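Undergrad: My file is run.txt. It has compact mmCIF, N, CA and C atoms:
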# COMPACT_ATOMS: atom_id res chain seq x y z
N MET A 1202 -74.66 -51.67 48.84
CA MET A 1202 -74.87 -50.32 49.29
C MET A 1202 -73.64 -49.45 49.05
N CYS A 1203 -72.45 -50.01 49.13
CA CYS A 1203 -71.25 -49.19 48.95
C CYS A 1203 -71.18 -48.61 47.54
N ALA A 1204 -71.61 -49.37 46.55
CA ALA A 1204 -71.56 -48.88 45.17
C ALA A 1204 -72.48 -47.69 44.97
N LEU A 1205 -73.54 -47.60 45.75
CA LEU A 1205 -74.47 -46.49 45.62
C LEU A 1205 -73.78 -45.16 45.87
N GLY A 1206 -72.78 -45.15 46.72
CA GLY A 1206 -72.03 -43.93 47.01
C GLY A 1206 -71.21 -43.45 45.83
N ARG A 1207 -71.00 -44.30 44.84
CA ARG A 1207 -70.22 -43.92 43.66
C ARG A 1207 -71.08 -43.47 42.49
N VAL A 1208 -72.37 -43.42 42.69
CA VAL A 1208 -73.28 -43.02 41.61
C VAL A 1208 -73.40 -41.50 41.61
N ALA A 1209 -73.16 -40.92 40.44
CA ALA A 1209 -73.32 -39.47 40.29
C ALA A 1209 -74.79 -39.16 40.02
N VAL A 1210 -75.38 -38.37 40.85
CA VAL A 1210 -76.79 -38.01 40.71
C VAL A 1210 -76.87 -36.60 40.13
N HIS A 1211 -77.67 -36.45 39.10
CA HIS A 1211 -77.87 -35.15 38.45
C HIS A 1211 -79.36 -34.85 38.42
N ARG A 1212 -79.74 -33.69 38.88
CA ARG A 1212 -81.14 -33.26 38.79
C ARG A 1212 -81.30 -32.43 37.53
N VAL A 1213 -82.27 -32.80 36.72
CA VAL A 1213 -82.50 -32.10 35.46
C VAL A 1213 -84.00 -31.89 35.26
N ASN A 1214 -84.33 -31.00 34.35
CA ASN A 1214 -85.70 -30.84 33.91
C ASN A 1214 -85.91 -31.90 32.83
N LEU A 1215 -86.65 -32.96 33.15
CA LEU A 1215 -86.76 -34.11 32.26
C LEU A 1215 -87.36 -33.76 30.90
N PRO A 1216 -88.45 -33.02 30.82
CA PRO A 1216 -88.96 -32.69 29.47
C PRO A 1216 -87.94 -31.93 28.63
N GLU A 1217 -87.24 -30.99 29.23
CA GLU A 1217 -86.23 -30.24 28.47
C GLU A 1217 -85.11 -31.15 27.99
N LEU A 1218 -84.66 -32.07 28.85
CA LEU A 1218 -83.59 -33.00 28.47
C LEU A 1218 -84.05 -33.89 27.32
N ILE A 1219 -85.28 -34.39 27.38
CA ILE A 1219 -85.78 -35.26 26.32
C ILE A 1219 -85.83 -34.51 25.00
N VAL A 1220 -86.34 -33.30 25.02
CA VAL A 1220 -86.42 -32.50 23.79
C VAL A 1220 -85.02 -32.27 23.22
N GLU A 1221 -84.07 -31.98 24.10
CA GLU A 1221 -82.68 -31.76 23.64
C GLU A 1221 -82.09 -33.04 23.03
N LEU A 1222 -82.31 -34.18 23.68
CA LEU A 1222 -81.78 -35.44 23.15
C LEU A 1222 -82.41 -35.79 21.81
N LYS A 1223 -83.69 -35.49 21.65
CA LYS A 1223 -84.36 -35.79 20.38
C LYS A 1223 -83.76 -34.97 19.24
N GLU A 1224 -83.23 -33.79 19.54
CA GLU A 1224 -82.56 -32.98 18.52
C GLU A 1224 -81.32 -33.69 17.99
N TYR A 1225 -80.75 -34.59 18.81
CA TYR A 1225 -79.57 -35.37 18.42
C TYR A 1225 -79.95 -36.78 17.99
N ASP A 1226 -81.22 -36.99 17.70
CA ASP A 1226 -81.75 -38.28 17.25
C ASP A 1226 -81.51 -39.41 18.25
N VAL A 1227 -81.51 -39.09 19.54
CA VAL A 1227 -81.40 -40.12 20.57
C VAL A 1227 -82.80 -40.68 20.82
N PRO A 1228 -83.01 -41.98 20.63
CA PRO A 1228 -84.32 -42.56 20.89
C PRO A 1228 -84.68 -42.43 22.37
N VAL A 1229 -85.93 -42.15 22.62
CA VAL A 1229 -86.43 -42.04 23.99
C VAL A 1229 -87.41 -43.19 24.19
N CYS A 1230 -86.97 -44.19 24.94
CA CYS A 1230 -87.78 -45.38 25.18
C CYS A 1230 -88.46 -45.27 26.54
N GLY A 1231 -89.72 -45.65 26.58
CA GLY A 1231 -90.46 -45.64 27.84
C GLY A 1231 -91.08 -47.00 28.08
N THR A 1232 -91.25 -47.34 29.35
CA THR A 1232 -91.85 -48.62 29.70
C THR A 1232 -93.35 -48.42 29.97
N PHE A 1233 -94.15 -49.29 29.34
CA PHE A 1233 -95.61 -49.21 29.43
C PHE A 1233 -96.19 -50.62 29.50
N MET A 1234 -97.46 -50.71 29.88
CA MET A 1234 -98.12 -52.02 29.90
C MET A 1234 -98.31 -52.55 28.47
N GLN A 1235 -98.48 -51.65 27.50
CA GLN A 1235 -98.58 -52.04 26.10
C GLN A 1235 -97.44 -51.37 25.33
N GLY A 1236 -96.70 -52.17 24.60
CA GLY A 1236 -95.60 -51.65 23.79
C GLY A 1236 -94.90 -52.79 23.09
N ASP A 1237 -93.77 -52.50 22.49
CA ASP A 1237 -92.97 -53.54 21.84
C ASP A 1237 -92.38 -54.46 22.91
N ASP A 1238 -92.45 -55.74 22.68
CA ASP A 1238 -91.90 -56.75 23.59
C ASP A 1238 -90.38 -56.57 23.68
N ILE A 1239 -89.90 -56.16 24.82
CA ILE A 1239 -88.47 -55.86 24.98
C ILE A 1239 -87.59 -57.11 24.83
N LEU A 1240 -88.17 -58.28 25.05
CA LEU A 1240 -87.39 -59.52 24.95
C LEU A 1240 -87.16 -59.95 23.51
N HIS A 1241 -88.04 -59.52 22.59
CA HIS A 1241 -87.96 -60.01 21.22
C HIS A 1241 -87.91 -58.92 20.15
N SER A 1242 -87.81 -57.68 20.55
CA SER A 1242 -87.76 -56.58 19.59
C SER A 1242 -86.35 -56.01 19.52
N PRO A 1243 -85.93 -55.59 18.33
CA PRO A 1243 -84.62 -54.93 18.25
C PRO A 1243 -84.65 -53.63 19.05
N LEU A 1244 -83.58 -53.37 19.75
CA LEU A 1244 -83.47 -52.16 20.56
C LEU A 1244 -82.46 -51.22 19.94
N PRO A 1245 -82.57 -49.93 20.22
CA PRO A 1245 -81.62 -48.96 19.67
C PRO A 1245 -80.19 -49.27 20.10
N ASP A 1246 -79.28 -49.14 19.16
CA ASP A 1246 -77.86 -49.34 19.45
C ASP A 1246 -77.11 -48.25 18.71
N PRO A 1247 -76.24 -47.50 19.28
CA PRO A 1247 -75.54 -47.79 20.51
C PRO A 1247 -76.20 -47.25 21.77
N GLY A 1248 -77.23 -46.44 21.69
CA GLY A 1248 -77.77 -45.93 22.94
C GLY A 1248 -79.13 -45.32 22.80
N ALA A 1249 -79.73 -45.10 23.94
CA ALA A 1249 -81.05 -44.51 24.00
C ALA A 1249 -81.24 -43.99 25.41
N MET A 1250 -82.29 -43.22 25.59
CA MET A 1250 -82.71 -42.81 26.92
C MET A 1250 -83.83 -43.74 27.33
N LEU A 1251 -83.78 -44.22 28.56
CA LEU A 1251 -84.81 -45.11 29.08
C LEU A 1251 -85.55 -44.39 30.19
N VAL A 1252 -86.87 -44.29 30.05
CA VAL A 1252 -87.72 -43.62 31.04
C VAL A 1252 -88.63 -44.66 31.65
N LEU A 1253 -88.64 -44.71 32.98
CA LEU A 1253 -89.53 -45.60 33.71
C LEU A 1253 -90.38 -44.76 34.65
N GLY A 1254 -91.64 -45.12 34.76
CA GLY A 1254 -92.53 -44.41 35.67
C GLY A 1254 -92.60 -45.10 37.00
N ASN A 1255 -93.35 -44.51 37.92
CA ASN A 1255 -93.48 -45.18 39.21
C ASN A 1255 -94.47 -46.34 39.10
N GLU A 1256 -94.49 -47.19 40.10
CA GLU A 1256 -95.25 -48.43 40.01
C GLU A 1256 -96.76 -48.23 39.98
N GLY A 1257 -97.25 -47.20 40.61
CA GLY A 1257 -98.69 -46.98 40.66
C GLY A 1257 -99.24 -46.20 39.49
N ASN A 1258 -98.48 -45.21 39.02
CA ASN A 1258 -99.01 -44.30 38.00
C ASN A 1258 -98.31 -44.39 36.66
N GLY A 1259 -97.18 -45.01 36.58
CA GLY A 1259 -96.46 -45.10 35.33
C GLY A 1259 -95.83 -43.77 34.95
N ILE A 1260 -95.55 -43.61 33.67
CA ILE A 1260 -94.94 -42.39 33.14
C ILE A 1260 -96.03 -41.33 33.03
N SER A 1261 -95.70 -40.10 33.42
CA SER A 1261 -96.69 -39.03 33.39
C SER A 1261 -97.12 -38.74 31.95
N PRO A 1262 -98.36 -38.26 31.75
CA PRO A 1262 -98.85 -37.99 30.39
C PRO A 1262 -97.95 -37.03 29.61
N GLY A 1263 -97.40 -36.02 30.25
CA GLY A 1263 -96.53 -35.07 29.55
C GLY A 1263 -95.27 -35.72 29.02
N ILE A 1264 -94.67 -36.60 29.82
CA ILE A 1264 -93.46 -37.32 29.40
C ILE A 1264 -93.83 -38.38 28.37
N GLU A 1265 -94.98 -39.02 28.55
CA GLU A 1265 -95.43 -40.06 27.61
C GLU A 1265 -95.50 -39.51 26.19
N GLN A 1266 -95.92 -38.27 26.02
CA GLN A 1266 -96.01 -37.67 24.69
C GLN A 1266 -94.64 -37.50 24.04
N LEU A 1267 -93.58 -37.44 24.84
CA LEU A 1267 -92.23 -37.24 24.31
C LEU A 1267 -91.52 -38.55 23.99
N VAL A 1268 -92.07 -39.67 24.46
CA VAL A 1268 -91.46 -40.98 24.23
C VAL A 1268 -91.58 -41.36 22.76
N THR A 1269 -90.48 -41.83 22.17
CA THR A 1269 -90.49 -42.22 20.76
C THR A 1269 -90.65 -43.73 20.56
N ARG A 1270 -90.47 -44.49 21.63
CA ARG A 1270 -90.58 -45.96 21.53
C ARG A 1270 -91.17 -46.51 22.81
N ARG A 1271 -92.28 -47.19 22.70
CA ARG A 1271 -92.94 -47.80 23.85
C ARG A 1271 -92.48 -49.24 23.98
N LEU A 1272 -92.01 -49.61 25.17
CA LEU A 1272 -91.53 -50.96 25.43
C LEU A 1272 -92.33 -51.58 26.56
N THR A 1273 -92.44 -52.91 26.53
CA THR A 1273 -93.09 -53.62 27.62
C THR A 1273 -92.32 -54.89 27.93
N ILE A 1274 -92.34 -55.28 29.17
CA ILE A 1274 -91.80 -56.58 29.59
C ILE A 1274 -92.98 -57.53 29.55
N PRO A 1275 -92.95 -58.55 28.68
CA PRO A 1275 -94.13 -59.41 28.52
C PRO A 1275 -94.40 -60.25 29.76
N SER A 1276 -95.66 -60.55 29.94
CA SER A 1276 -96.08 -61.44 31.01
C SER A 1276 -96.06 -62.87 30.48
N PHE A 1277 -95.59 -63.78 31.28
CA PHE A 1277 -95.59 -65.18 30.86
C PHE A 1277 -96.84 -65.91 31.33
N ALA A 1278 -97.71 -65.17 32.00
CA ALA A 1278 -99.01 -65.71 32.41
C ALA A 1278 -100.08 -64.68 32.05
N PRO A 1279 -100.38 -64.57 30.73
CA PRO A 1279 -101.30 -63.51 30.29
C PRO A 1279 -102.66 -63.54 30.99
N ALA A 1280 -103.11 -64.72 31.42
CA ALA A 1280 -104.41 -64.80 32.10
C ALA A 1280 -104.36 -64.10 33.46
N ASP A 1281 -103.19 -64.08 34.08
CA ASP A 1281 -103.03 -63.41 35.36
C ASP A 1281 -102.61 -61.97 35.08
N HIS A 1282 -103.56 -61.06 35.14
CA HIS A 1282 -103.26 -59.66 34.84
C HIS A 1282 -102.35 -59.10 35.93
N VAL A 1283 -101.18 -58.65 35.52
CA VAL A 1283 -100.24 -58.03 36.43
C VAL A 1283 -100.30 -56.53 36.18
N GLU A 1284 -100.57 -55.76 37.23
CA GLU A 1284 -100.71 -54.31 37.06
C GLU A 1284 -99.38 -53.65 36.79
N SER A 1285 -98.32 -54.08 37.51
CA SER A 1285 -97.01 -53.48 37.28
C SER A 1285 -95.95 -54.34 37.95
N LEU A 1286 -94.71 -54.09 37.54
CA LEU A 1286 -93.56 -54.68 38.21
C LEU A 1286 -92.97 -53.64 39.14
N ASN A 1287 -92.26 -54.09 40.13
CA ASN A 1287 -91.47 -53.17 40.93
C ASN A 1287 -90.56 -52.42 39.98
N VAL A 1288 -90.46 -51.10 40.11
CA VAL A 1288 -89.73 -50.30 39.13
C VAL A 1288 -88.24 -50.67 39.10
N ALA A 1289 -87.67 -51.03 40.23
CA ALA A 1289 -86.26 -51.43 40.25
C ALA A 1289 -86.06 -52.74 39.48
N THR A 1290 -86.99 -53.66 39.63
CA THR A 1290 -86.91 -54.93 38.91
C THR A 1290 -87.09 -54.70 37.41
N ALA A 1291 -88.08 -53.88 37.05
CA ALA A 1291 -88.30 -53.56 35.64
C ALA A 1291 -87.07 -52.88 35.04
N CYS A 1292 -86.46 -51.99 35.79
CA CYS A 1292 -85.26 -51.29 35.32
C CYS A 1292 -84.13 -52.30 35.08
N ALA A 1293 -83.95 -53.23 35.99
CA ALA A 1293 -82.89 -54.24 35.83
C ALA A 1293 -83.11 -55.07 34.57
N VAL A 1294 -84.34 -55.49 34.32
CA VAL A 1294 -84.65 -56.28 33.13
C VAL A 1294 -84.36 -55.45 31.87
N CYS A 1295 -84.83 -54.20 31.85
CA CYS A 1295 -84.64 -53.34 30.68
C CYS A 1295 -83.16 -53.08 30.42
N LEU A 1296 -82.41 -52.74 31.45
CA LEU A 1296 -80.99 -52.46 31.27
C LEU A 1296 -80.24 -53.71 30.80
N ALA A 1297 -80.63 -54.88 31.31
CA ALA A 1297 -80.00 -56.12 30.85
C ALA A 1297 -80.27 -56.36 29.37
N MET A 1298 -81.49 -56.08 28.94
CA MET A 1298 -81.82 -56.27 27.52
C MET A 1298 -81.08 -55.26 26.63
N PHE A 1299 -80.97 -54.02 27.08
CA PHE A 1299 -80.20 -53.04 26.31
C PHE A 1299 -78.74 -53.44 26.26
N ARG A 1300 -78.20 -53.93 27.35
CA ARG A 1300 -76.79 -54.35 27.39
C ARG A 1300 -76.57 -55.54 26.47
N ARG A 1301 -77.48 -56.50 26.48
CA ARG A 1301 -77.36 -57.67 25.61
C ARG A 1301 -77.39 -57.25 24.14
N ASN A 1302 -78.16 -56.22 23.84
CA ASN A 1302 -78.30 -55.72 22.48
C ASN A 1302 -77.08 -54.89 22.04
N SER A 1303 -76.34 -54.39 23.01
CA SER A 1303 -75.25 -53.47 22.72
C SER A 1303 -74.10 -54.17 21.99
N SER A 1304 -73.49 -53.42 21.06
CA SER A 1304 -72.34 -53.97 20.34
C SER A 1304 -71.05 -53.75 21.12
N ASN A 1305 -71.12 -53.02 22.23
CA ASN A 1305 -69.92 -52.76 23.06
C ASN A 1305 -69.66 -53.88 24.02
The structure given in the file should be rewritten as structure tokens.
TA:
Amino acid sequence: MCALGRVAVHRVNLPELIVELKEYDVPVCGTFMQGDDILHSPLPDPGAMLVLGNEGNGISPGIEQLVTRRLTIPSFAPADHVESLNVATACAVCLAMFRRNSSN
């Protein structure tokens, strides 16, 4: 909890930020139920924007249209349909995979 106090929070207009980043060729990756397997697909390096939706509704349709790369965390039990992961857990997995891919 103490580390949370050191996080700088910025409120932005997300669609405007995404459009601006795309002008600089920054990949915009979003998490979806169907997409490239994040465990086995090459990820952008040195950086990208990662967008995660809420657990019940996912990424909004307007933001989904701006995403340039769809990613998914694969299920290891495909017969057991999982509707979603906790967004904090999904974020941790995604950030770990981006970090592992990073050359820094």
Undergrad: If you measure from atom CA of Val1208 of chain A to atom CA of Phe1299 of chain A, what distance in Å do you get, rounded to one decimal?
TA: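 We find that atom CA of Val1208 of chain A and atom CA of Phe1299 of chain A lie 19.6 Å from each other.
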Undergrad: Quick one: DSSP alpha helix (DSSP H) residues in chain A, as number ranges by chain?
TA: A: 1215-1224, 1262-1265, 1288-1302
Undergrad: Within segment 1202-1303 of chain A, find each residue whose DSSP state, derived from the backbone, is strand (DSSP E or B), and express the selection as a list in words.
TA: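 The strand (DSSP E or B) subset of segment 1202-1303 of chain A is Val1229, Cys1230, Gly1231, Thr1232, Phe1233, Met1234, Gln1235, Gly1236, Asp1237, Asp1238, Met1250, Leu1251, Val1252, Asn1255, Gly1259, Arg1270, Arg1271, Leu1272 and Thr1273 of chain A.
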Undergrad: Write out as a ChimeraX atom specification the residues lying within 7 Å of Thr1232 of chain A, counting only C-alpha atoms and excluding same-chain residues fewer than 5 positions away.
TA: /A:1252-1253,1271-1273
Undergrad: Using Å and a single decimal, report how far atom CA of Leu1240 of chain A sits from atom C of Met1298 of chain A.
TA: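 That distance, rounded to one decimal, is 7.8 Å.
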Undergrad: May I ask for the distance between atom CA of Glu1265 of chain A and atom CA of Val1213 of chain A, given in Å to one decimal place?
TA: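 Atom CA of Glu1265 of chain A sits 17.1 Å away from atom CA of Val1213 of chain A.
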Undergrad: Quick one: 4 Å padding each side, axis-aligned, all listed atoms of segment 1222-1227 of chain A - centre and edge lengths in Å to one decimal, as JSON?
TA:
{"center_x": -82.0, "center_y": -36.8, "center_z": 20.5, "size_x": 12.8, "size_y": 15.7, "size_z": 14.4}
Undergrad: Check the smallest atom-to-atom distance from each of A:Glu1256, A:Asp1237, A:Glu1224, A:Asp1246 to Ala1289 of chain A using all atoms listed in the file, then report the winner.
TA: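 Ranking A:Glu1256, A:Asp1237, A:Glu1224, A:Asp1246 by distance to Ala1289 of chain A, first place goes to A:Glu1256.
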Undergrad: List the neighbours of Lys1223 of chain A out to 12 Å using only C-alpha atoms; skip same-chain residues closer than 4 positions along the sequence, and give me the result as an MDAnalysis selection string.
TA: chainID A and resid 1216:1219 1227:1230 1249:1250 1267:1270
Undergrad: Name the closest residue to Pro1275 of chain A among the candidates A:Val1294, A:Leu1251, A:Leu1244, A:Ile1239; distances are taken between atoms, counting only N, CA and C atoms.
TA: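 Of the candidates, the smallest distance to Pro1275 of chain A is held by A:Ile1239.
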